[in-house]
Structure formats: C-alpha cells, structure tokens
$ cat entry_8.cif   # mmCIF, C-alpha atoms
data_entry
#
loop_
_atom_site.label_atom_id
_atom_site.label_comp_id
_atom_site.auth_asym_id
_atom_site.auth_seq_id
_atom_site.Cartn_x
_atom_site.Cartn_y
_atom_site.Cartn_z
CA MET A 1155 -18.48 -14.17 -6.65
CA LEU A 1156 -14.84 -14.28 -5.50
CA LYS A 1157 -13.89 -16.55 -8.38
CA ASN A 1158 -15.44 -14.11 -10.85
CA LEU A 1159 -13.60 -11.19 -9.24
CA TYR A 1160 -10.34 -13.17 -9.31
CA ASN A 1161 -10.82 -14.08 -12.99
CA TRP A 1162 -11.65 -10.46 -13.84
CA THR A 1163 -8.49 -9.26 -12.07
CA MET A 1164 -6.38 -11.84 -13.90
CA ARG A 1165 -7.85 -10.71 -17.24
CA LEU A 1166 -7.20 -7.08 -16.27
CA ALA A 1167 -3.53 -7.97 -15.76
CA ASP A 1168 -3.19 -8.55 -19.50
CA HIS A 1169 -5.06 -5.37 -20.41
CA PRO A 1170 -2.91 -2.71 -22.11
CA ARG A 1171 -3.88 -0.18 -19.42
CA ALA A 1172 -3.34 -2.45 -16.41
CA LEU A 1173 -0.13 -0.66 -15.42
CA TRP A 1174 -1.93 2.68 -15.53
CA ALA A 1175 -4.67 1.34 -13.27
CA LEU A 1176 -2.05 -0.01 -10.87
CA ALA A 1177 -0.24 3.34 -10.91
CA PHE A 1178 -3.49 5.15 -10.11
CA VAL A 1179 -4.40 2.81 -7.24
CA SER A 1180 -0.84 2.95 -5.83
CA PHE A 1181 -0.84 6.74 -6.04
CA ILE A 1182 -4.14 7.35 -4.26
CA GLU A 1183 -3.56 4.59 -1.69
CA SER A 1184 -0.60 6.54 -0.34
CA SER A 1185 -2.67 9.56 0.57
CA MET A 1186 -6.36 8.71 0.88
CA PHE A 1187 -7.59 5.38 -0.56
CA PRO A 1188 -7.99 2.53 1.95
CA ILE A 1189 -7.25 -0.43 -0.35
CA PRO A 1190 -3.59 -1.42 -0.87
CA PRO A 1191 -2.19 -1.80 -4.41
CA ASP A 1192 -1.28 -5.42 -3.68
CA ILE A 1193 -4.84 -6.36 -4.66
CA MET A 1194 -3.95 -5.48 -8.25
CA MET A 1195 -0.22 -6.13 -8.17
CA ILE A 1196 -0.33 -9.78 -7.07
CA PRO A 1197 -2.75 -10.99 -9.78
CA MET A 1198 -0.90 -8.92 -12.38
CA ILE A 1199 2.40 -10.64 -11.55
CA LEU A 1200 0.76 -14.06 -11.38
CA ALA A 1201 -0.76 -13.50 -14.83
CA ALA A 1202 2.43 -12.08 -16.36
CA PRO A 1203 5.50 -13.09 -14.30
CA HIS A 1204 7.86 -11.79 -17.00
CA ARG A 1205 6.63 -8.29 -16.10
CA ALA A 1206 7.10 -8.68 -12.31
CA TRP A 1207 9.92 -6.11 -12.03
CA LEU A 1208 8.11 -3.53 -14.16
CA ILE A 1209 4.92 -3.99 -12.14
CA ALA A 1210 6.84 -3.55 -8.87
CA LEU A 1211 8.61 -0.46 -10.25
CA VAL A 1212 5.34 1.16 -11.32
CA ALA A 1213 3.77 0.40 -7.92
CA MET A 1214 6.80 1.83 -6.08
CA ILE A 1215 7.14 5.03 -8.13
CA SER A 1216 3.45 5.84 -8.06
CA SER A 1217 3.18 4.97 -4.36
CA VAL A 1218 6.07 7.29 -3.47
CA ALA A 1219 4.55 10.03 -5.66
CA GLY A 1220 1.24 9.53 -3.85
CA GLY A 1221 3.15 9.68 -0.58
CA VAL A 1222 4.45 13.10 -1.57
CA LEU A 1223 0.81 14.15 -2.09
CA GLY A 1224 0.01 12.81 1.40
CA TYR A 1225 3.00 14.77 2.75
CA ALA A 1226 1.67 17.92 1.03
CA ILE A 1227 -1.79 17.32 2.53
CA GLY A 1228 -0.20 17.12 5.96
CA SER A 1229 1.91 20.23 5.34
CA PHE A 1230 -0.57 22.53 3.63
CA ALA A 1231 -4.09 21.19 4.16
CA PHE A 1232 -3.99 19.22 7.39
CA ASP A 1233 -7.04 20.89 8.97
CA GLN A 1234 -9.19 20.64 5.83
CA ILE A 1235 -8.17 17.24 4.45
CA GLY A 1236 -5.56 15.45 6.56
CA GLN A 1237 -7.28 15.60 9.93
CA PRO A 1238 -10.62 14.20 8.63
CA ILE A 1239 -8.76 11.32 6.91
CA LEU A 1240 -6.84 10.49 10.10
CA GLU A 1241 -9.96 10.85 12.27
CA SER A 1242 -11.77 8.41 10.00
CA LEU A 1243 -8.98 5.95 10.82
CA GLY A 1244 -9.47 6.56 14.55
CA LYS A 1245 -6.37 8.70 15.07
CA GLY A 1246 -8.06 12.01 15.97
CA ASP A 1247 -7.29 12.01 19.70
CA ALA A 1248 -3.73 10.77 19.40
CA MET A 1249 -2.57 13.34 16.82
CA ALA A 1250 -1.15 15.94 19.23
CA GLU A 1251 0.82 13.37 21.23
CA PHE A 1252 1.95 11.71 18.04
CA ASN A 1253 3.22 15.02 16.66
CA THR A 1254 5.60 15.52 19.59
CA ARG A 1255 7.17 12.05 19.19
CA PHE A 1256 6.91 11.44 15.47
CA ASN A 1257 10.05 13.11 14.17
CA ASP A 1258 12.21 11.29 16.74
CA PHE A 1259 11.16 8.03 15.08
CA GLY A 1260 10.21 9.42 11.64
CA PHE A 1261 12.60 7.26 9.61
CA TRP A 1262 11.42 4.09 11.36
CA ALA A 1263 7.75 5.11 11.17
CA VAL A 1264 7.94 5.67 7.42
CA LEU A 1265 9.96 2.50 6.90
CA GLY A 1266 7.58 0.39 9.00
CA ALA A 1267 4.43 1.76 7.42
CA GLY A 1268 5.90 1.46 3.93
CA ILE A 1269 6.68 -2.24 4.31
CA THR A 1270 3.88 -3.56 6.55
CA PRO A 1271 0.07 -3.58 6.14
CA PHE A 1272 -0.04 -0.48 8.41
CA PRO A 1273 -1.90 2.21 6.42
CA TYR A 1274 0.90 4.14 4.72
CA LYS A 1275 -1.32 7.18 4.21
CA VAL A 1276 -1.34 7.86 7.96
CA ILE A 1277 2.44 8.21 7.94
CA THR A 1278 2.55 10.28 4.75
CA ILE A 1279 0.10 12.82 6.15
CA MET A 1280 1.75 12.85 9.57
CA SER A 1281 5.19 13.32 7.99
CA GLY A 1282 4.00 16.52 6.35
CA TRP A 1283 2.11 17.71 9.40
CA THR A 1284 5.06 17.24 11.75
CA GLY A 1285 7.52 18.82 9.33
CA MET A 1286 9.72 15.79 8.71
CA PRO A 1287 12.44 16.79 6.23
CA ILE A 1288 11.08 16.03 2.77
CA ALA A 1289 14.36 14.44 1.61
CA THR A 1290 14.27 11.99 4.54
CA PHE A 1291 10.63 11.22 3.81
CA ILE A 1292 11.19 10.56 0.09
CA ALA A 1293 14.36 8.50 0.58
CA THR A 1294 12.74 6.37 3.27
CA SER A 1295 9.58 5.96 1.20
CA ILE A 1296 11.60 4.75 -1.80
CA LEU A 1297 13.43 2.26 0.42
CA ALA A 1298 10.27 1.02 2.16
CA ARG A 1299 7.98 0.81 -0.84
CA GLY A 1300 10.78 -0.64 -2.96
CA LEU A 1301 11.39 -3.39 -0.41
CA ARG A 1302 7.72 -4.17 -0.10
CA PHE A 1303 6.85 -4.30 -3.78
CA PHE A 1304 10.08 -5.88 -5.06
CA ILE A 1305 10.07 -8.61 -2.40
CA VAL A 1306 6.50 -9.49 -3.37
CA ALA A 1307 7.48 -9.39 -7.05
CA ALA A 1308 10.53 -11.61 -6.45
CA LEU A 1309 8.53 -14.19 -4.51
CA LEU A 1310 5.77 -14.29 -7.10
CA TRP A 1311 8.27 -14.40 -9.97
CA LYS A 1312 10.19 -17.28 -8.38
CA PHE A 1313 7.26 -19.28 -6.95
CA GLY A 1314 4.40 -17.98 -9.11
CA ASP A 1315 2.85 -21.21 -10.35
CA PRO A 1316 2.62 -22.96 -6.95
CA ILE A 1317 1.34 -19.73 -5.35
CA ARG A 1318 -1.17 -19.26 -8.15
CA ASN A 1319 -2.40 -22.84 -7.81
CA PHE A 1320 -2.67 -22.43 -4.03
CA ILE A 1321 -4.63 -19.18 -4.39
CA GLU A 1322 -6.94 -20.61 -7.03
CA LYS A 1323 -7.69 -23.73 -4.96
CA ARG A 1324 -8.17 -21.77 -1.73
CA LEU A 1325 -9.49 -18.45 -3.00
CA GLY A 1326 -12.04 -18.02 -0.21
CA LEU A 1327 -9.44 -18.71 2.47
CA MET A 1328 -6.92 -16.33 0.84
CA PHE A 1329 -9.52 -13.56 0.59
CA THR A 1330 -10.49 -14.06 4.24
CA LEU A 1331 -6.83 -13.96 5.34
CA PHE A 1332 -6.26 -10.81 3.29
CA LEU A 1333 -9.26 -9.12 4.92
CA ILE A 1334 -8.01 -10.13 8.38
CA VAL A 1335 -4.58 -8.62 7.67
CA LEU A 1336 -6.17 -5.46 6.24
CA PHE A 1337 -8.55 -5.14 9.20
CA GLY A 1338 -5.67 -5.83 11.60
CA GLY A 1339 -3.69 -2.98 10.05
CA PHE A 1340 -6.58 -0.58 10.55
CA MET A 1341 -7.05 -1.78 14.14
CA ALA A 1342 -3.33 -1.28 14.79
CA VAL A 1343 -3.72 2.30 13.60
CA ARG A 1344 -6.71 2.83 15.85
CA TYR A 1345 -4.95 1.60 19.00
CA MET A 1346 -1.46 3.01 18.44
#

$ encode --input "entry_8.cif" --output "structure tokens"
Amino acid sequence: MLKNLYNWTMRLADHPRALWALAFVSFIESSMFPIPPDIMMIPMILAAPHRAWLIALVAMISSVAGGVLGYAIGSFAFDQIGQPILESLGKGDAMAEFNTRFNDFGFWAVLGAGITPFPYKVITIMSGWTGMPIATFIATSILARGLRFFIVAALLWKFGDPIRNFIEKRLGLMFTLFLIVLFGGFMAVRYM
C-alpha cells in the first residue's frame, strides 16, 4: 500500500497541476489542515529536482498566505473557528495563559513553528488572537517558511538520488519515522 501511495505521489509530481495541489495543501495547512506540505513537496522535488526552487517558492508563498488566513481567523473569528481548532489540538485550557505571554516571544514562536514540525496553524491563529503586529507576523513567517522549504529543497536538489534510493528501499521505515515526527509535533502542542 505504501509503495503504491509513493508511486502515485511521484507520478503526481510530474502532473501539470502538481504545483497547484501543493499550493492548496500549503495554504490550508497553515490555518486548519493537519498534514504538512512536505508530504507533497519532497516527492515532487525527488521526481523533478530541476524544479526544486520553484516548488519551495510555491510552498513558501502559499504557506505564508495561508498563515495570513490563520491570523485573520484568530483576529476576527477566534470564538467560532479558531478556538475549536486549537481545542482539537489540546490547547483549550492553555489559551488564556498563552495569550499573556505570546507577544513577548511572538517572533520566536512564529519562527520556531514555521521551521519545525510544530503545527504552524496554532501559531498563526494565536498570532491573530493575541494581536501580534501583522507586519512582524508576515516577515517572520516568510523567514521561517522560506528557511524550512528552501533548506529541504537544497538538500533534495543536492543529494536527491541517494535520498530517493534510501527512501525507496526503506519506505516503510521512512513512513513510520515521518508519523512519529508528526505525532511528536502534535504531542508537543498538547503539553506546551
């Protein structure tokens, strides 16, 4: 099953609309979707390394745009949309305490969540809810998401064939490790 999913994703990377699909996933991941865009981005770069920089740019721009949507949810619709999303991630009780401390560390929170597996959508919504200056939020998001996606693109562009061979030989292990990192990010959110 994993091999079929992997092969499907690799074929999708050559599809004329693959960048649009990546843009959509990157956009909604930044405000509400739980699956990171790396799931699409990595196979796309492995399948077409000559497009690595374009793929990273599309992921960054659409992720930051989605982050602005998350910011707007926090600013204008926190009670209706933002709070249920954060409660589903286990952050319901910690929101009030988080609000009082967030803007003191806002730059670092956005930077950390933008680079690491920590769910970025939590920070985008909280940035809007706490009233972080929008210019600080956007600039930090561009920096963080740019670092994350362009570092991945650079590594895959430079070492693509050995990484691809490693992934293809150990697909089950790679999928398990990815799920552990993803689960660990959600657990970190729950206990922060």

$ atom_distance --input "entry_8.cif" --atom1 "CA of Val1264 in chain A" --atom2 "CA of Ala1213 in chain A"
16.7 Å

$ atom_distance --input "entry_8.cif" --atom1 "CA of Ser1281 in chain A" --atom2 "CA of Gln1234 in chain A"
16.3 Å

$ atom_distance --input "entry_8.cif" --atom1 "CA of Leu1309 in chain A" --atom2 "CA of Ala1263 in chain A"
24.9 Å

$ resolve_selection --input "entry_8.cif" --expression "the PyMOL selection byres ((chain A and resi 1304) around 12)" --output "number ranges by chain"
A: 1192, 1195-1196, 1199, 1205-1215, 1269, 1296-1303, 1305-1312

$ residues_around --input "entry_8.cif" --residues "Phe1230 in chain A" --least-positions-apart "4" --cutoff "9 Å" --atoms "all atoms listed in the file" --output "ChimeraX atom specification"
/A:1225-1226,1282-1283

$ closest_residue --input "entry_8.cif" --among "A:Pro1170, A:Gly1266, A:Pro1203, A:Pro1190" --to "Ser1217 in chain A" --atoms "only C-alpha atoms"
A:Pro1190

$ closest_residue --input "entry_8.cif" --among "A:Val1179, A:Met1194, A:Leu1173, A:Val1222" --to "Pro1287 in chain A" --atoms "only C-alpha atoms"
A:Val1222

$ closest_residue --input "entry_8.cif" --among "A:Ser1180, A:Ser1216, A:Thr1284, A:Ser1185" --to "Ser1229 in chain A" --atoms "only C-alpha atoms"
A:Thr1284

$ residues_around --input "entry_8.cif" --residues "Gly1221 in chain A" --least-positions-apart "6" --cutoff "10 Å" --atoms "only C-alpha atoms" --output "ChimeraX atom specification"
/A:1180-1186,1215,1227,1268,1274-1279,1281-1282,1291-1292,1295-1296
